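> Take this structure first; my questions come after.
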Amino acid sequence: MAHDHAVAAAAAHPASEKRLQIERDVISAMQRPGLVYWGLVGFFATVFGVCLLGAWAYQIYKGIGVGGQMNPVGWGIYIVNFVFWVGIAHSGTLISAVLFLFRSKFRSSFNRAAEAMTVIAVMCAGMYPLIHLGRVWYAFWLFPYPNQRLLWTNFKSPLEWDVFAISTYLTISVVFFYVGLIPDFAIVKRYTRGLRRHIYSALSLGWVGSKQQWRNYNMLYALLAGFATPLVLSVHSVVSWDFAMGIVPGWHTTIFAPYFVAGAIFSGCGMVLTLCIPMRKLQKLERVMPIDHFEKLAKTMLFTSMIVGYAYTVEFILAYYSGNVYEFGVFKDRAIGHYKFAYWIMVFCNVVSPLALFIKRVRRSLGALFVISIFVNIGMWFERFVIIIQSLSHEFVPYAWGNYSPRWPEVSIMIGTFGFFFMMFLLFAKFLPVVAITEKKEEVH
Amino acid sequence: MSERLVFGSEHDFLHKLEELVKSGVNPRDIEIFAPHPVHKAEEILEMKPSFVRTFALIGGLTGAATGYLLTSLTALDWPLPVGNKPIVGIPPYTIIAFELMVLFGGLSAFLGFIVTSRMPAIRTIISQDEFRDTFEIHVRKG
């Protein structure tokens, strides 16, 4: 009896009130989705099914030739999309791991959504090499296994590094995402009944917040952040080496790894804003996702935008200074050649439009941030388009130059991945806590 | 028998915990529950660093070794001399070794967490035990 009294007194404490408010705010976002919500999920699922699976089935039936890839441009928008989605994935790890190591407070508003985004985006990215393979049923040849022909994969190939980098990245991102969720599952358990309660309870692995659990958990989380930080740098460096290891002019430069990593974080911040701004509004998360945190994310985006802008400039200067006619020829062609539209869209979206973020009012206006984040997404897609397609179209011998444009199955598959991405994100936003509750509670005093 | 104390704020909780330890209660007899990580409590209870890091170290080293061995041994098993490049190329194999270090290290750290925390705790999952929002101190008595 005395104990119950003490519990009631503890719950009435102002700090306790604040913590419970955080719980309620986040959990209320998980209430039963309405018809409109299910409608949206259904819409994106249809886009995924029809556009991606349909077009892919058609491509498998007819052969890879239904796409536009042809000499000299052997890597079309499948690879553009692969790099785009890997890039999107990166800021999730940045926000959850790197900012954790730096003890940045603003990560707590976004880290869960960003981690979910990472996992989903890596899935999207992972589809593209398989789609691009053509005969997808031979995909297992990518992995080293003791086969009957005693053949092993070529570990010196950047494409093989990619297999290791992407599969490690997906696995570690999933583990990191899940580990962050364990205490939150235990909280959700308290708010649910019936079957859902059992599911969340099982997912929480029996978490009660005892001293042993927290001690081991803190160590695990710090270790995973420590592993994920160099991992995130390595993964996009490896992706950049897919290009930089080749002798294609426009690809064969040493700045590719840092340039790609900065671009990845930039695009990822853009996508986090694109997802979180509507989510904050729709799920009524204003209290747990303050504007200040959005402003900090906008600053990160501005900073990375300037690195990317610097890289665009330096690339030109390097090409000029190298005295290599092929290298400089590619860069001139970028700015004034067949693909100049893509180049200037890229420059406008990635370098010019984020400059507006220097103004404090823009950084604090969610509408403006949302518009800029869309620009960034478009710009970063075109950056990969320019790097991959324009470089290949304009190699050494003018006789071998040739232009590429995507055909409908490629475009359809691309639209389909966006369907998959948004479908998965909408499901995440209703079935899992979208903000890390325990981390938010840590800020209460 | 044990004594159970419940607190609404981190401050009161830490204050009482410090008082208990200073008054001579063995930290091993104290069990605490917290709604979020409280690093100071670990210091007060003089807890040793978690074993999870040993798991991560062993996993990471195993991964790096696997990466180097897998690549080098397969290359030596069927040598393919190309452009006078070494059969066993350390720089490219370091990338594979690094990725496998992270993969094995991360997974074994997770495994270590599961093992050292005795999870999944089936009894807690089935029972109505909850992860509450209060800070609690349970003192085990003699």
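We label chains A, B, ... in the order they appear in the structure tokens, count residues from 1 in each chain, and number ligands from 1 in the order shown.
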Only residues of chain B matter here; which ones have an atom within 8 Å of chain A, counting only C-alpha atoms? Give them as an mmCIF file with N, CA and C atoms, in the first residue's frame.


```
data_model
loop_
_atom_site.group_PDB
_atom_site.id
_atom_site.type_symbol
_atom_site.label_atom_id
_atom_site.label_comp_id
_atom_site.auth_asym_id
_atom_site.auth_seq_id
_atom_site.Cartn_x
_atom_site.Cartn_y
_atom_site.Cartn_z
ATOM 1 N N ARG B 4 11.864 -1.354 -1.735
ATOM 2 C CA ARG B 4 11.723 -0.720 -3.051
ATOM 3 C C ARG B 4 11.456 0.764 -2.890
ATOM 4 N N LEU B 5 12.256 1.557 -3.561
ATOM 5 C CA LEU B 5 12.092 3.010 -3.522
ATOM 6 C C LEU B 5 11.805 3.496 -4.940
ATOM 7 N N VAL B 6 10.849 4.430 -5.047
ATOM 8 C CA VAL B 6 10.445 4.911 -6.366
ATOM 9 C C VAL B 6 10.625 6.425 -6.427
ATOM 10 N N PHE B 7 11.152 6.887 -7.557
ATOM 11 C CA PHE B 7 11.384 8.331 -7.714
ATOM 12 C C PHE B 7 10.856 8.821 -9.056
ATOM 13 N N GLY B 8 10.467 10.098 -9.064
ATOM 14 C CA GLY B 8 9.981 10.692 -10.316
ATOM 15 C C GLY B 8 11.081 11.417 -11.061
ATOM 16 N N SER B 9 12.112 11.857 -10.336
ATOM 17 C CA SER B 9 13.139 12.634 -11.033
ATOM 18 C C SER B 9 14.499 11.995 -10.860
ATOM 19 N N GLU B 10 15.322 12.213 -11.848
ATOM 20 C CA GLU B 10 16.661 11.654 -11.882
ATOM 21 C C GLU B 10 17.471 12.179 -10.695
ATOM 22 N N GLU B 31 19.646 -3.010 -6.898
ATOM 23 C CA GLU B 31 19.219 -3.116 -8.297
ATOM 24 C C GLU B 31 18.511 -1.817 -8.623
ATOM 25 N N ILE B 32 18.812 -1.248 -9.800
ATOM 26 C CA ILE B 32 18.128 -0.007 -10.163
ATOM 27 C C ILE B 32 17.402 -0.177 -11.487
ATOM 28 N N PHE B 33 16.343 0.582 -11.639
ATOM 29 C CA PHE B 33 15.603 0.622 -12.909
ATOM 30 C C PHE B 33 15.470 2.085 -13.305
ATOM 31 N N ALA B 34 15.713 2.379 -14.578
ATOM 32 C CA ALA B 34 15.640 3.773 -15.020
ATOM 33 C C ALA B 34 14.967 3.845 -16.375
ATOM 34 N N PRO B 35 14.204 4.929 -16.627
ATOM 35 C CA PRO B 35 13.530 5.047 -17.928
ATOM 36 C C PRO B 35 14.486 5.448 -19.057
ATOM 37 N N HIS B 36 15.653 5.926 -18.712
ATOM 38 C CA HIS B 36 16.643 6.250 -19.741
ATOM 39 C C HIS B 36 18.025 6.033 -19.144
ATOM 40 N N PRO B 37 19.065 5.952 -19.978
ATOM 41 C CA PRO B 37 20.386 5.684 -19.415
ATOM 42 C C PRO B 37 20.824 6.765 -18.437
ATOM 43 N N GLU B 42 25.874 4.505 -12.859
ATOM 44 C CA GLU B 42 26.895 3.471 -13.052
ATOM 45 C C GLU B 42 28.155 3.822 -12.273
ATOM 46 N N PRO B 49 33.123 -1.793 -16.780
ATOM 47 C CA PRO B 49 32.630 -1.693 -18.146
ATOM 48 C C PRO B 49 32.068 -3.035 -18.641
ATOM 49 N N SER B 50 31.077 -2.935 -19.495
ATOM 50 C CA SER B 50 30.375 -4.138 -19.943
ATOM 51 C C SER B 50 31.274 -5.059 -20.767
ATOM 52 N N PHE B 51 30.980 -6.345 -20.693
ATOM 53 C CA PHE B 51 31.724 -7.342 -21.455
ATOM 54 C C PHE B 51 31.467 -7.256 -22.952
ATOM 55 N N VAL B 52 30.428 -6.501 -23.301
ATOM 56 C CA VAL B 52 30.054 -6.421 -24.718
ATOM 57 C C VAL B 52 31.259 -6.012 -25.565
ATOM 58 N N ARG B 53 32.116 -5.152 -24.992
ATOM 59 C CA ARG B 53 33.246 -4.672 -25.797
ATOM 60 C C ARG B 53 34.240 -5.771 -26.128
ATOM 61 N N ALA B 56 32.928 -7.470 -29.084
ATOM 62 C CA ALA B 56 33.153 -6.665 -30.286
ATOM 63 C C ALA B 56 34.595 -6.783 -30.747
ATOM 64 N N THR B 71 40.478 -13.552 -49.029
ATOM 65 C CA THR B 71 40.955 -12.968 -50.283
ATOM 66 C C THR B 71 42.306 -13.547 -50.688
ATOM 67 N N THR B 74 42.161 -17.482 -51.512
ATOM 68 C CA THR B 74 41.486 -17.801 -52.778
ATOM 69 C C THR B 74 42.339 -17.338 -53.958
ATOM 70 N N ALA B 75 43.034 -16.202 -53.805
ATOM 71 C CA ALA B 75 43.876 -15.719 -54.900
ATOM 72 C C ALA B 75 45.050 -16.666 -55.125
ATOM 73 N N TRP B 78 44.053 -20.064 -56.951
ATOM 74 C CA TRP B 78 43.922 -20.024 -58.406
ATOM 75 C C TRP B 78 44.543 -18.704 -58.862
ATOM 76 N N GLY B 89 47.099 -8.743 -53.314
ATOM 77 C CA GLY B 89 47.193 -7.279 -53.265
ATOM 78 C C GLY B 89 46.657 -6.765 -51.941
ATOM 79 N N PRO B 92 43.695 -3.570 -51.964
ATOM 80 C CA PRO B 92 42.290 -3.925 -52.222
ATOM 81 C C PRO B 92 41.723 -4.884 -51.176
ATOM 82 N N TYR B 93 42.598 -5.786 -50.663
ATOM 83 C CA TYR B 93 42.083 -6.760 -49.700
ATOM 84 C C TYR B 93 41.791 -6.108 -48.354
ATOM 85 N N ILE B 95 40.230 -3.409 -48.004
ATOM 86 C CA ILE B 95 38.837 -2.937 -48.043
ATOM 87 C C ILE B 95 37.886 -4.052 -47.629
ATOM 88 N N ILE B 96 38.121 -5.253 -48.195
ATOM 89 C CA ILE B 96 37.278 -6.398 -47.823
ATOM 90 C C ILE B 96 37.448 -6.694 -46.332
ATOM 91 N N GLU B 99 35.543 -4.146 -44.220
ATOM 92 C CA GLU B 99 34.084 -4.352 -44.228
ATOM 93 C C GLU B 99 33.713 -5.551 -43.359
ATOM 94 N N LEU B 100 34.504 -6.617 -43.454
ATOM 95 C CA LEU B 100 34.183 -7.799 -42.647
ATOM 96 C C LEU B 100 34.462 -7.562 -41.167
ATOM 97 N N VAL B 102 33.922 -4.728 -39.632
ATOM 98 C CA VAL B 102 32.745 -4.012 -39.141
ATOM 99 C C VAL B 102 31.559 -4.965 -39.020
ATOM 100 N N LEU B 103 31.398 -5.804 -40.034
ATOM 101 C CA LEU B 103 30.249 -6.728 -40.031
ATOM 102 C C LEU B 103 30.329 -7.686 -38.847
ATOM 103 N N GLY B 105 32.287 -7.514 -36.204
ATOM 104 C CA GLY B 105 32.363 -6.782 -34.940
ATOM 105 C C GLY B 105 30.995 -6.326 -34.475
ATOM 106 N N GLY B 106 30.212 -5.748 -35.386
ATOM 107 C CA GLY B 106 28.878 -5.261 -35.041
ATOM 108 C C GLY B 106 27.962 -6.394 -34.629
ATOM 109 N N LEU B 107 27.997 -7.492 -35.412
ATOM 110 C CA LEU B 107 27.104 -8.608 -35.097
ATOM 111 C C LEU B 107 27.506 -9.274 -33.786
ATOM 112 N N ALA B 109 29.018 -7.837 -31.292
ATOM 113 C CA ALA B 109 28.654 -6.937 -30.189
ATOM 114 C C ALA B 109 27.181 -7.133 -29.839
ATOM 115 N N PHE B 110 26.350 -7.275 -30.867
ATOM 116 C CA PHE B 110 24.921 -7.503 -30.613
ATOM 117 C C PHE B 110 24.715 -8.841 -29.900
ATOM 118 N N PHE B 113 25.612 -8.466 -26.357
ATOM 119 C CA PHE B 113 24.546 -7.799 -25.610
ATOM 120 C C PHE B 113 23.452 -8.789 -25.219
ATOM 121 N N THR B 116 25.095 -11.253 -22.506
ATOM 122 C CA THR B 116 25.393 -10.689 -21.180
ATOM 123 C C THR B 116 24.151 -10.144 -20.488
ATOM 124 N N SER B 117 23.150 -9.720 -21.254
ATOM 125 C CA SER B 117 21.932 -9.208 -20.614
ATOM 126 C C SER B 117 20.899 -10.306 -20.409
ATOM 127 N N MET B 119 19.157 -12.008 -22.601
ATOM 128 C CA MET B 119 17.958 -11.740 -23.400
ATOM 129 C C MET B 119 17.902 -12.745 -24.529
ATOM 130 N N PRO B 120 16.736 -13.003 -25.105
ATOM 131 C CA PRO B 120 15.436 -12.503 -24.684
ATOM 132 C C PRO B 120 14.981 -13.128 -23.367
ATOM 133 N N ALA B 121 14.506 -12.284 -22.455
ATOM 134 C CA ALA B 121 14.038 -12.743 -21.156
ATOM 135 C C ALA B 121 12.596 -13.212 -21.303
ATOM 136 N N ILE B 122 12.455 -14.527 -21.519
ATOM 137 C CA ILE B 122 11.133 -15.076 -21.847
ATOM 138 C C ILE B 122 10.116 -14.744 -20.756
ATOM 139 N N ARG B 123 10.565 -14.850 -19.489
ATOM 140 C CA ARG B 123 9.619 -14.649 -18.387
ATOM 141 C C ARG B 123 9.035 -13.228 -18.411
ATOM 142 N N THR B 124 9.912 -12.269 -18.658
ATOM 143 C CA THR B 124 9.431 -10.879 -18.710
ATOM 144 C C THR B 124 8.524 -10.658 -19.917
ATOM 145 N N ILE B 125 8.864 -11.305 -21.016
ATOM 146 C CA ILE B 125 8.056 -11.117 -22.222
ATOM 147 C C ILE B 125 6.639 -11.612 -21.986
ATOM 148 N N ILE B 126 6.533 -12.780 -21.346
ATOM 149 C CA ILE B 126 5.201 -13.364 -21.148
ATOM 150 C C ILE B 126 4.453 -12.647 -20.030
ATOM 151 N N ASP B 129 5.224 -7.799 -16.508
ATOM 152 C CA ASP B 129 6.279 -6.874 -16.085
ATOM 153 C C ASP B 129 6.460 -5.793 -17.125
ATOM 154 N N GLU B 130 6.632 -4.581 -16.644
ATOM 155 C CA GLU B 130 6.701 -3.481 -17.592
ATOM 156 C C GLU B 130 7.947 -2.651 -17.392
ATOM 157 N N PHE B 131 8.308 -1.989 -18.481
ATOM 158 C CA PHE B 131 9.392 -1.022 -18.449
ATOM 159 C C PHE B 131 8.727 0.295 -18.090
ATOM 160 N N ARG B 132 8.786 0.662 -16.792
ATOM 161 C CA ARG B 132 8.022 1.815 -16.333
ATOM 162 C C ARG B 132 8.794 3.111 -16.528
ATOM 163 N N ASP B 133 8.110 4.201 -16.256
ATOM 164 C CA ASP B 133 8.729 5.504 -16.470
ATOM 165 C C ASP B 133 9.386 6.041 -15.210
ATOM 166 N N THR B 134 9.423 5.246 -14.152
ATOM 167 C CA THR B 134 9.961 5.776 -12.894
ATOM 168 C C THR B 134 11.374 5.258 -12.642
#
```

> Env of A:Trp56: 9 Å cut, atoms = only C-alpha atoms, seq-sep filter 2 positions within chain, self excluded. Answer as a list in words.

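Skipping anything fewer than 2 positions along the chain leaves Cys51, Leu52, Leu53, Gly54, Tyr58, Gln59, Ile60, Tyr61, Ile131, Pro409, Glu410, Ser412 and Ile413 of chain A.
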
> Using DSSP on the backbone coordinates, identify the residues of stretch 179-419 of chain A assigned to helix (DSSP H, G or I); present them as a PyMOL selection string.

chain A and resi 179-191+194-203+211-244+256-282+291-322+325-336+340-358+360-363+366-393+398-400+408-419

> Would you kindly return, as a list in words, each protein, DNA or RNA residue with an atom no farther than 12 Å from any atom of B:His15, considering only C-alpha atoms and excluding same-chain residues fewer than 4 positions away?

Phe7, Ser9, Glu10, His11, Glu19, Leu20, Val21, Lys22, Lys40, Ala41, Ile44, Phe135 and Ile137 of chain B

> Residues of the last selection are to be written out with C-alpha atoms, as a PDB file, in the first residue's frame.


```pdb
ATOM      1  CA  PHE B   7      11.384   8.331  -7.714  1.00  0.00           C
ATOM      2  CA  SER B   9      13.139  12.634 -11.033  1.00  0.00           C
ATOM      3  CA  GLU B  10      16.661  11.654 -11.882  1.00  0.00           C
ATOM      4  CA  HIS B  11      18.031  14.091  -9.326  1.00  0.00           C
ATOM      5  CA  GLU B  19      23.278   8.195   0.168  1.00  0.00           C
ATOM      6  CA  LEU B  20      22.678   4.444   0.227  1.00  0.00           C
ATOM      7  CA  VAL B  21      26.129   3.604  -1.076  1.00  0.00           C
ATOM      8  CA  LYS B  22      27.779   6.018   1.353  1.00  0.00           C
ATOM      9  CA  LYS B  40      26.118   8.776 -13.151  1.00  0.00           C
ATOM     10  CA  ALA B  41      24.363   5.829 -11.518  1.00  0.00           C
ATOM     11  CA  ILE B  44      28.018   5.575  -8.090  1.00  0.00           C
ATOM     12  CA  PHE B 135      13.403   5.515 -11.333  1.00  0.00           C
ATOM     13  CA  ILE B 137      15.991   1.401  -6.310  1.00  0.00           C
TER      14      ILE B 137
END
```

> Between atom CA of A:Val371 and atom CA of A:Ser353, what distance in Å does the model show, to one decimal?

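These atoms are spaced 9.6 Å apart.
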
> Taking only C-alpha atoms into account, name the residue in A:Pro398, A:Gly379, A:Gly323, A:Gly87 that is nearest to A:Gly268.

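Smallest distance to A:Gly268 is found for A:Gly87.
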
> Please provide the set of residues having any atom within 10 Å of A:Met117, restricted to only C-alpha atoms, with same-chain residues fewer than 3 positions apart removed, written as a ChimeraX atom specification.

/A:88-93,111-114,120-123,268,271-272,275,421-422,424-425,428
